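J.: Submitted below is the structure of interest, expressed as structure tokens.
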Amino acid sequence: MNTPLTKEEQEKLLDAAQQARENSYSPYSKFKVGAAVLTEDGSIFTGTNIENASYGLTVCAERNAIFAAVGAGKRKFRALALITQKLPGLDFNSPCGACRQVMSEFIAPDAPVYIAVLDGPKRTVYTKQLQELMPFPFDKFSEK
Ligand code: THU
């Protein structure tokens with residue numbers, strides 16, 4: 001069972017994602033995304049989207065955050081936050097399918113995914129459980 005985050009932990013994670021978004025390398029889409037994961041031992045790792053002239057090589061913010069953490073030896077996360085700008089006609093942008101599959105490798109099904117949207121100075125946060133976003137992940141191995 002995932003321990004719920006305190007309001008302070010949640011805000012800190014969202015602030016870290018928002019900060020990481022500033023480093024977005026997105027000259028092609030001009031769409032900046034920031035992400036952050038909170039590890040079980042209380043540290044935060046961040047990522048941003050990094051695009052490439054060969055478009056398909058772009059890596060999303062969420063995967064960059066998770067891979068940074070896993071590369072540092074962390075494999076268990078209590079939550080993930082991502083943040084984008086508000087797009088007309090959309091309440092929020094939810095993570096792409098590839099990122100959902102990668103999240104499912106390391107994040108518990110009942111862990112929160114905070115999806116934040118920036119509209120000028122206003123930050124609106126939508127909270128989902130990973131299992132709502134990714135109900136049937138591919139899982140080849142039963143033990144990690
Ligand atoms: N992007 C992310 O970083 N995360 C997502 O979940 C979806 C899309 C990035 C990829 C690309 O740089 C830009 O947003 C537009 O698709």
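In the structure tokens, chains take the letters A, B, ... in the order shown, each chain's residues start at 1, and ligands count up from 1 in the order shown.
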Could you please extract the residues within 12 Å of ligand 1, counting only C-alpha atoms and all ligand atoms, and hand them back as a ChimeraX atom specification?
T.: /A:17,20-21,23-36,46-65,80-85,87,92-103,113,115-116,133
J.: Just C-alpha atoms for this one: save the residues we selected as a PDB file, in the first residue's frame.
T.:
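Contents of selection-v8.pdb, freshly written:
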```pdb
ATOM      1  CA  ALA A  17       9.038  19.274 -11.847  1.00  0.00           C
ATOM      2  CA  ALA A  20      13.060  20.998 -14.418  1.00  0.00           C
ATOM      3  CA  ARG A  21      10.629  22.157 -17.108  1.00  0.00           C
ATOM      4  CA  ASN A  23      15.501  23.150 -18.890  1.00  0.00           C
ATOM      5  CA  SER A  24      13.288  21.640 -21.585  1.00  0.00           C
ATOM      6  CA  TYR A  25      15.028  21.291 -24.928  1.00  0.00           C
ATOM      7  CA  SER A  26      12.012  21.507 -27.207  1.00  0.00           C
ATOM      8  CA  PRO A  27      12.833  23.717 -30.215  1.00  0.00           C
ATOM      9  CA  TYR A  28      10.634  21.619 -32.517  1.00  0.00           C
ATOM     10  CA  SER A  29       7.383  21.285 -30.583  1.00  0.00           C
ATOM     11  CA  LYS A  30       7.924  24.317 -28.359  1.00  0.00           C
ATOM     12  CA  PHE A  31       6.112  22.267 -25.716  1.00  0.00           C
ATOM     13  CA  LYS A  32       7.960  22.198 -22.425  1.00  0.00           C
ATOM     14  CA  VAL A  33       7.393  19.340 -19.996  1.00  0.00           C
ATOM     15  CA  GLY A  34       8.896  18.834 -16.544  1.00  0.00           C
ATOM     16  CA  ALA A  35       8.722  15.732 -14.392  1.00  0.00           C
ATOM     17  CA  ALA A  36       9.884  14.599 -10.975  1.00  0.00           C
ATOM     18  CA  THR A  46      13.809  15.325 -12.187  1.00  0.00           C
ATOM     19  CA  GLY A  47      13.667  15.196 -15.951  1.00  0.00           C
ATOM     20  CA  THR A  48      12.548  17.285 -18.863  1.00  0.00           C
ATOM     21  CA  ASN A  49      11.716  16.537 -22.485  1.00  0.00           C
ATOM     22  CA  ILE A  50      14.712  16.498 -24.793  1.00  0.00           C
ATOM     23  CA  GLU A  51      13.996  16.669 -28.500  1.00  0.00           C
ATOM     24  CA  ASN A  52      16.133  15.913 -31.509  1.00  0.00           C
ATOM     25  CA  ALA A  53      16.302  16.996 -35.142  1.00  0.00           C
ATOM     26  CA  SER A  54      15.554  13.336 -35.845  1.00  0.00           C
ATOM     27  CA  TYR A  55      12.169  13.735 -34.157  1.00  0.00           C
ATOM     28  CA  GLY A  56      11.661  10.127 -33.096  1.00  0.00           C
ATOM     29  CA  LEU A  57      14.691  10.287 -30.826  1.00  0.00           C
ATOM     30  CA  THR A  58      12.902  12.697 -28.498  1.00  0.00           C
ATOM     31  CA  VAL A  59      12.649  11.455 -24.922  1.00  0.00           C
ATOM     32  CA  CYS A  60       9.819  12.591 -22.665  1.00  0.00           C
ATOM     33  CA  ALA A  61      10.277  14.312 -19.336  1.00  0.00           C
ATOM     34  CA  GLU A  62       8.754  11.436 -17.348  1.00  0.00           C
ATOM     35  CA  ARG A  63      11.140   8.816 -18.700  1.00  0.00           C
ATOM     36  CA  ASN A  64      14.120  11.108 -18.217  1.00  0.00           C
ATOM     37  CA  ALA A  65      13.156  11.610 -14.556  1.00  0.00           C
ATOM     38  CA  LEU A  80       5.513  11.091 -10.025  1.00  0.00           C
ATOM     39  CA  ALA A  81       4.648  14.649 -10.974  1.00  0.00           C
ATOM     40  CA  LEU A  82       4.586  16.180 -14.401  1.00  0.00           C
ATOM     41  CA  ILE A  83       3.831  19.664 -15.555  1.00  0.00           C
ATOM     42  CA  THR A  84       2.975  21.236 -18.868  1.00  0.00           C
ATOM     43  CA  GLN A  85       1.455  24.437 -20.124  1.00  0.00           C
ATOM     44  CA  LEU A  87      -3.384  23.991 -24.091  1.00  0.00           C
ATOM     45  CA  PHE A  92      -4.497  18.639 -18.920  1.00  0.00           C
ATOM     46  CA  ASN A  93      -2.014  16.574 -20.898  1.00  0.00           C
ATOM     47  CA  SER A  94      -1.686  13.041 -19.606  1.00  0.00           C
ATOM     48  CA  PRO A  95       1.525  11.038 -20.036  1.00  0.00           C
ATOM     49  CA  CYS A  96       2.167   9.185 -23.283  1.00  0.00           C
ATOM     50  CA  GLY A  97       1.768   5.405 -23.466  1.00  0.00           C
ATOM     51  CA  ALA A  98       5.500   4.708 -23.529  1.00  0.00           C
ATOM     52  CA  CYS A  99       5.982   6.661 -20.293  1.00  0.00           C
ATOM     53  CA  ARG A 100       3.038   4.881 -18.664  1.00  0.00           C
ATOM     54  CA  GLN A 101       4.638   1.520 -19.400  1.00  0.00           C
ATOM     55  CA  VAL A 102       7.969   2.699 -17.964  1.00  0.00           C
ATOM     56  CA  MET A 103       6.196   4.090 -14.887  1.00  0.00           C
ATOM     57  CA  VAL A 113       0.634  10.676 -10.624  1.00  0.00           C
ATOM     58  CA  ILE A 115      -0.550  16.101 -13.565  1.00  0.00           C
ATOM     59  CA  ALA A 116      -0.083  19.828 -13.276  1.00  0.00           C
ATOM     60  CA  LEU A 133      -3.623   5.643 -16.463  1.00  0.00           C
TER      61      LEU A 133
END
```
J.: Extract, using only C-alpha atoms, all DNA, RNA and protein residues at most 7 Å from A:Asp110, discarding same-chain residues fewer than 2 positions from it, and format them as a list in words.
T.: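 Everything that qualifies: Asn2, Ala108, Pro112, Gln129, Leu130 and Gln131 of chain A.
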J.: State, in Å with one decimal place, the distance from atom CA of A:Val37 to atom CA of A:Thr127.
T.: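 Atom CA of A:Thr127 lies 14.3 Å from atom CA of A:Val37.
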J.: Using only C-alpha atoms, can you tell me which of A:Met134, A:Val117, A:Ala111, A:Leu14 comes closest to A:Glu40?
T.: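 Checking each candidate against A:Glu40, we get A:Ala111 as the closest.
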J.: Please compute the atom CA of A:Ala72-atom CA of A:Pro4 distance, one decimal, in Å.
T.: 23.9 Å
J.: From the DSSP assignment of the backbone, select every residue of stretch 9-118 of chain A that is strand (DSSP E), and format the answer as a PyMOL selection string.
T.: chain A and resi 34-39+44-48+77-85+112-118
J.: Can those selected residues be exported to a file as a PDB file, in the first residue's frame so that it contains N, CA and C atoms?
T.:
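To be explicit, this is the file written out as out-v8.pdb:
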```pdb
ATOM      1  N   GLY A  34       8.003  19.130 -17.666  1.00  0.00           N
ATOM      2  CA  GLY A  34       8.896  18.834 -16.544  1.00  0.00           C
ATOM      3  C   GLY A  34       8.323  17.665 -15.772  1.00  0.00           C
ATOM      4  N   ALA A  35       9.190  16.867 -15.191  1.00  0.00           N
ATOM      5  CA  ALA A  35       8.722  15.732 -14.392  1.00  0.00           C
ATOM      6  C   ALA A  35       9.640  15.533 -13.195  1.00  0.00           C
ATOM      7  N   ALA A  36       9.085  14.904 -12.165  1.00  0.00           N
ATOM      8  CA  ALA A  36       9.884  14.599 -10.975  1.00  0.00           C
ATOM      9  C   ALA A  36       9.323  13.350 -10.315  1.00  0.00           C
ATOM     10  N   VAL A  37      10.224  12.534  -9.773  1.00  0.00           N
ATOM     11  CA  VAL A  37       9.789  11.369  -8.998  1.00  0.00           C
ATOM     12  C   VAL A  37      10.310  11.493  -7.574  1.00  0.00           C
ATOM     13  N   LEU A  38       9.486  11.024  -6.643  1.00  0.00           N
ATOM     14  CA  LEU A  38       9.877  10.987  -5.231  1.00  0.00           C
ATOM     15  C   LEU A  38      10.222   9.550  -4.896  1.00  0.00           C
ATOM     16  N   THR A  39      11.456   9.326  -4.449  1.00  0.00           N
ATOM     17  CA  THR A  39      11.881   7.958  -4.142  1.00  0.00           C
ATOM     18  C   THR A  39      11.408   7.573  -2.740  1.00  0.00           C
ATOM     19  N   ILE A  44      14.434  13.329  -4.556  1.00  0.00           N
ATOM     20  CA  ILE A  44      13.678  13.717  -5.754  1.00  0.00           C
ATOM     21  C   ILE A  44      14.617  13.733  -6.946  1.00  0.00           C
ATOM     22  N   PHE A  45      14.171  13.126  -8.039  1.00  0.00           N
ATOM     23  CA  PHE A  45      14.911  13.167  -9.302  1.00  0.00           C
ATOM     24  C   PHE A  45      14.007  13.801 -10.348  1.00  0.00           C
ATOM     25  N   THR A  46      14.614  14.598 -11.203  1.00  0.00           N
ATOM     26  CA  THR A  46      13.809  15.325 -12.187  1.00  0.00           C
ATOM     27  C   THR A  46      14.233  14.999 -13.609  1.00  0.00           C
ATOM     28  N   GLY A  47      13.363  15.350 -14.528  1.00  0.00           N
ATOM     29  CA  GLY A  47      13.667  15.196 -15.951  1.00  0.00           C
ATOM     30  C   GLY A  47      12.855  16.191 -16.748  1.00  0.00           C
ATOM     31  N   THR A  48      13.298  16.419 -17.960  1.00  0.00           N
ATOM     32  CA  THR A  48      12.548  17.285 -18.863  1.00  0.00           C
ATOM     33  C   THR A  48      12.572  16.658 -20.247  1.00  0.00           C
ATOM     34  N   PHE A  77       9.452   4.260  -6.146  1.00  0.00           N
ATOM     35  CA  PHE A  77       9.000   5.643  -6.106  1.00  0.00           C
ATOM     36  C   PHE A  77       7.617   5.727  -5.478  1.00  0.00           C
ATOM     37  N   ARG A  78       7.411   6.787  -4.736  1.00  0.00           N
ATOM     38  CA  ARG A  78       6.103   6.982  -4.095  1.00  0.00           C
ATOM     39  C   ARG A  78       5.147   7.774  -4.970  1.00  0.00           C
ATOM     40  N   ALA A  79       5.718   8.571  -5.879  1.00  0.00           N
ATOM     41  CA  ALA A  79       4.858   9.422  -6.708  1.00  0.00           C
ATOM     42  C   ALA A  79       5.646   9.982  -7.869  1.00  0.00           C
ATOM     43  N   LEU A  80       4.907  10.376  -8.891  1.00  0.00           N
ATOM     44  CA  LEU A  80       5.513  11.091 -10.025  1.00  0.00           C
ATOM     45  C   LEU A  80       4.675  12.331 -10.285  1.00  0.00           C
ATOM     46  N   ALA A  81       5.357  13.419 -10.598  1.00  0.00           N
ATOM     47  CA  ALA A  81       4.648  14.649 -10.974  1.00  0.00           C
ATOM     48  C   ALA A  81       5.108  15.076 -12.348  1.00  0.00           C
ATOM     49  N   LEU A  82       4.182  15.580 -13.139  1.00  0.00           N
ATOM     50  CA  LEU A  82       4.586  16.180 -14.401  1.00  0.00           C
ATOM     51  C   LEU A  82       3.831  17.476 -14.594  1.00  0.00           C
ATOM     52  N   ILE A  83       4.435  18.346 -15.381  1.00  0.00           N
ATOM     53  CA  ILE A  83       3.831  19.664 -15.555  1.00  0.00           C
ATOM     54  C   ILE A  83       4.026  20.153 -16.980  1.00  0.00           C
ATOM     55  N   THR A  84       2.954  20.699 -17.511  1.00  0.00           N
ATOM     56  CA  THR A  84       2.975  21.236 -18.868  1.00  0.00           C
ATOM     57  C   THR A  84       2.255  22.589 -18.852  1.00  0.00           C
ATOM     58  N   GLN A  85       2.246  23.212 -20.012  1.00  0.00           N
ATOM     59  CA  GLN A  85       1.455  24.437 -20.124  1.00  0.00           C
ATOM     60  C   GLN A  85       0.013  24.072 -20.479  1.00  0.00           C
ATOM     61  N   PRO A 112       0.290   7.900  -6.629  1.00  0.00           N
ATOM     62  CA  PRO A 112      -0.267   9.047  -7.339  1.00  0.00           C
ATOM     63  C   PRO A 112       0.631   9.557  -8.468  1.00  0.00           C
ATOM     64  N   VAL A 113      -0.029   9.942  -9.543  1.00  0.00           N
ATOM     65  CA  VAL A 113       0.634  10.676 -10.624  1.00  0.00           C
ATOM     66  C   VAL A 113      -0.035  12.047 -10.637  1.00  0.00           C
ATOM     67  N   TYR A 114       0.742  13.064 -10.310  1.00  0.00           N
ATOM     68  CA  TYR A 114       0.205  14.427 -10.284  1.00  0.00           C
ATOM     69  C   TYR A 114       0.430  15.062 -11.642  1.00  0.00           C
ATOM     70  N   ILE A 115      -0.638  15.476 -12.246  1.00  0.00           N
ATOM     71  CA  ILE A 115      -0.550  16.101 -13.565  1.00  0.00           C
ATOM     72  C   ILE A 115      -0.895  17.576 -13.388  1.00  0.00           C
ATOM     73  N   ALA A 116       0.125  18.407 -13.523  1.00  0.00           N
ATOM     74  CA  ALA A 116      -0.083  19.828 -13.276  1.00  0.00           C
ATOM     75  C   ALA A 116      -0.100  20.596 -14.590  1.00  0.00           C
ATOM     76  N   VAL A 117      -0.888  21.642 -14.576  1.00  0.00           N
ATOM     77  CA  VAL A 117      -1.043  22.481 -15.760  1.00  0.00           C
ATOM     78  C   VAL A 117      -0.779  23.927 -15.362  1.00  0.00           C
ATOM     79  N   LEU A 118       0.080  24.572 -16.132  1.00  0.00           N
ATOM     80  CA  LEU A 118       0.391  25.977 -15.869  1.00  0.00           C
ATOM     81  C   LEU A 118      -0.418  26.853 -16.816  1.00  0.00           C
TER      82      LEU A 118
END
```
J.: Can you tell me, as a VMD selection string, which residues in stretch 52-137 of chain A count as alpha helix (DSSP H) by DSSP?
T.: chain A and resid 61 to 71 97 to 106 130 to 133
J.: Can you write just those residues out, N, CA, C and O atoms, as a compact mmCIF listing (two decimals), in the first residue's frame?
T.:
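Result saved to part.txt:
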```txt
# COMPACT_ATOMS: atom_id res chain seq x y z
N ALA A 61 9.85 13.89 -20.67
CA ALA A 61 10.28 14.31 -19.34
C ALA A 61 10.14 13.19 -18.30
O ALA A 61 11.03 12.99 -17.47
N GLU A 62 9.02 12.47 -18.36
CA GLU A 62 8.75 11.44 -17.35
C GLU A 62 9.81 10.34 -17.39
O GLU A 62 10.32 9.90 -16.36
N ARG A 63 10.13 9.88 -18.61
CA ARG A 63 11.14 8.82 -18.70
C ARG A 63 12.51 9.34 -18.29
O ARG A 63 13.28 8.63 -17.64
N ASN A 64 12.82 10.58 -18.63
CA ASN A 64 14.12 11.11 -18.22
C ASN A 64 14.22 11.19 -16.69
O ASN A 64 15.28 10.91 -16.13
N ALA A 65 13.13 11.55 -16.03
CA ALA A 65 13.16 11.61 -14.56
C ALA A 65 13.34 10.21 -13.96
O ALA A 65 14.17 10.00 -13.08
N ILE A 66 12.57 9.25 -14.47
CA ILE A 66 12.65 7.88 -13.94
C ILE A 66 14.04 7.30 -14.21
O ILE A 66 14.67 6.70 -13.33
N PHE A 67 14.55 7.50 -15.41
CA PHE A 67 15.85 6.92 -15.76
C PHE A 67 16.98 7.57 -14.94
O PHE A 67 17.95 6.89 -14.58
N ALA A 68 16.85 8.86 -14.65
CA ALA A 68 17.87 9.53 -13.82
C ALA A 68 17.89 8.87 -12.44
O ALA A 68 18.96 8.58 -11.88
N ALA A 69 16.71 8.60 -11.90
CA ALA A 69 16.62 7.99 -10.57
C ALA A 69 17.15 6.56 -10.59
O ALA A 69 17.94 6.16 -9.71
N VAL A 70 16.74 5.79 -11.58
CA VAL A 70 17.17 4.39 -11.65
C VAL A 70 18.68 4.33 -11.87
O VAL A 70 19.38 3.51 -11.26
N GLY A 71 19.19 5.25 -12.67
CA GLY A 71 20.64 5.32 -12.91
C GLY A 71 21.42 5.65 -11.64
O GLY A 71 22.61 5.35 -11.55
N GLY A 97 1.83 6.83 -23.76
CA GLY A 97 1.77 5.40 -23.47
C GLY A 97 3.12 4.81 -23.12
O GLY A 97 3.22 3.95 -22.23
N ALA A 98 4.17 5.25 -23.81
CA ALA A 98 5.50 4.71 -23.53
C ALA A 98 5.90 5.03 -22.09
O ALA A 98 6.43 4.18 -21.36
N CYS A 99 5.63 6.26 -21.67
CA CYS A 99 5.98 6.66 -20.29
C CYS A 99 5.13 5.90 -19.27
O CYS A 99 5.62 5.53 -18.20
N ARG A 100 3.89 5.65 -19.59
CA ARG A 100 3.04 4.88 -18.66
C ARG A 100 3.59 3.48 -18.45
O ARG A 100 3.59 2.95 -17.35
N GLN A 101 4.06 2.86 -19.52
CA GLN A 101 4.64 1.52 -19.40
C GLN A 101 5.90 1.57 -18.54
O GLN A 101 6.10 0.71 -17.67
N VAL A 102 6.73 2.57 -18.76
CA VAL A 102 7.97 2.70 -17.96
C VAL A 102 7.63 2.99 -16.50
O VAL A 102 8.22 2.42 -15.59
N MET A 103 6.63 3.82 -16.27
CA MET A 103 6.20 4.09 -14.89
C MET A 103 5.78 2.79 -14.21
O MET A 103 6.09 2.56 -13.04
N SER A 104 5.08 1.95 -14.95
CA SER A 104 4.56 0.70 -14.37
C SER A 104 5.66 -0.24 -13.91
O SER A 104 5.43 -1.12 -13.08
N GLU A 105 6.84 -0.06 -14.44
CA GLU A 105 7.97 -0.91 -14.06
C GLU A 105 8.44 -0.60 -12.63
O GLU A 105 8.90 -1.48 -11.92
N PHE A 106 8.30 0.67 -12.24
CA PHE A 106 8.92 1.12 -10.99
C PHE A 106 7.95 1.76 -9.99
O PHE A 106 8.33 2.05 -8.86
N LEU A 130 -1.67 5.56 -10.83
CA LEU A 130 -1.05 4.98 -12.02
C LEU A 130 -1.96 3.94 -12.66
O LEU A 130 -2.07 3.87 -13.89
N GLN A 131 -2.65 3.15 -11.82
CA GLN A 131 -3.49 2.09 -12.40
C GLN A 131 -4.67 2.62 -13.23
O GLN A 131 -5.20 1.92 -14.08
N GLU A 132 -5.05 3.88 -12.99
CA GLU A 132 -6.09 4.48 -13.83
C GLU A 132 -5.52 4.81 -15.20
O GLU A 132 -6.21 4.71 -16.22
N LEU A 133 -4.26 5.25 -15.20
CA LEU A 133 -3.62 5.64 -16.46
C LEU A 133 -3.13 4.43 -17.25
O LEU A 133 -3.08 4.45 -18.47
```
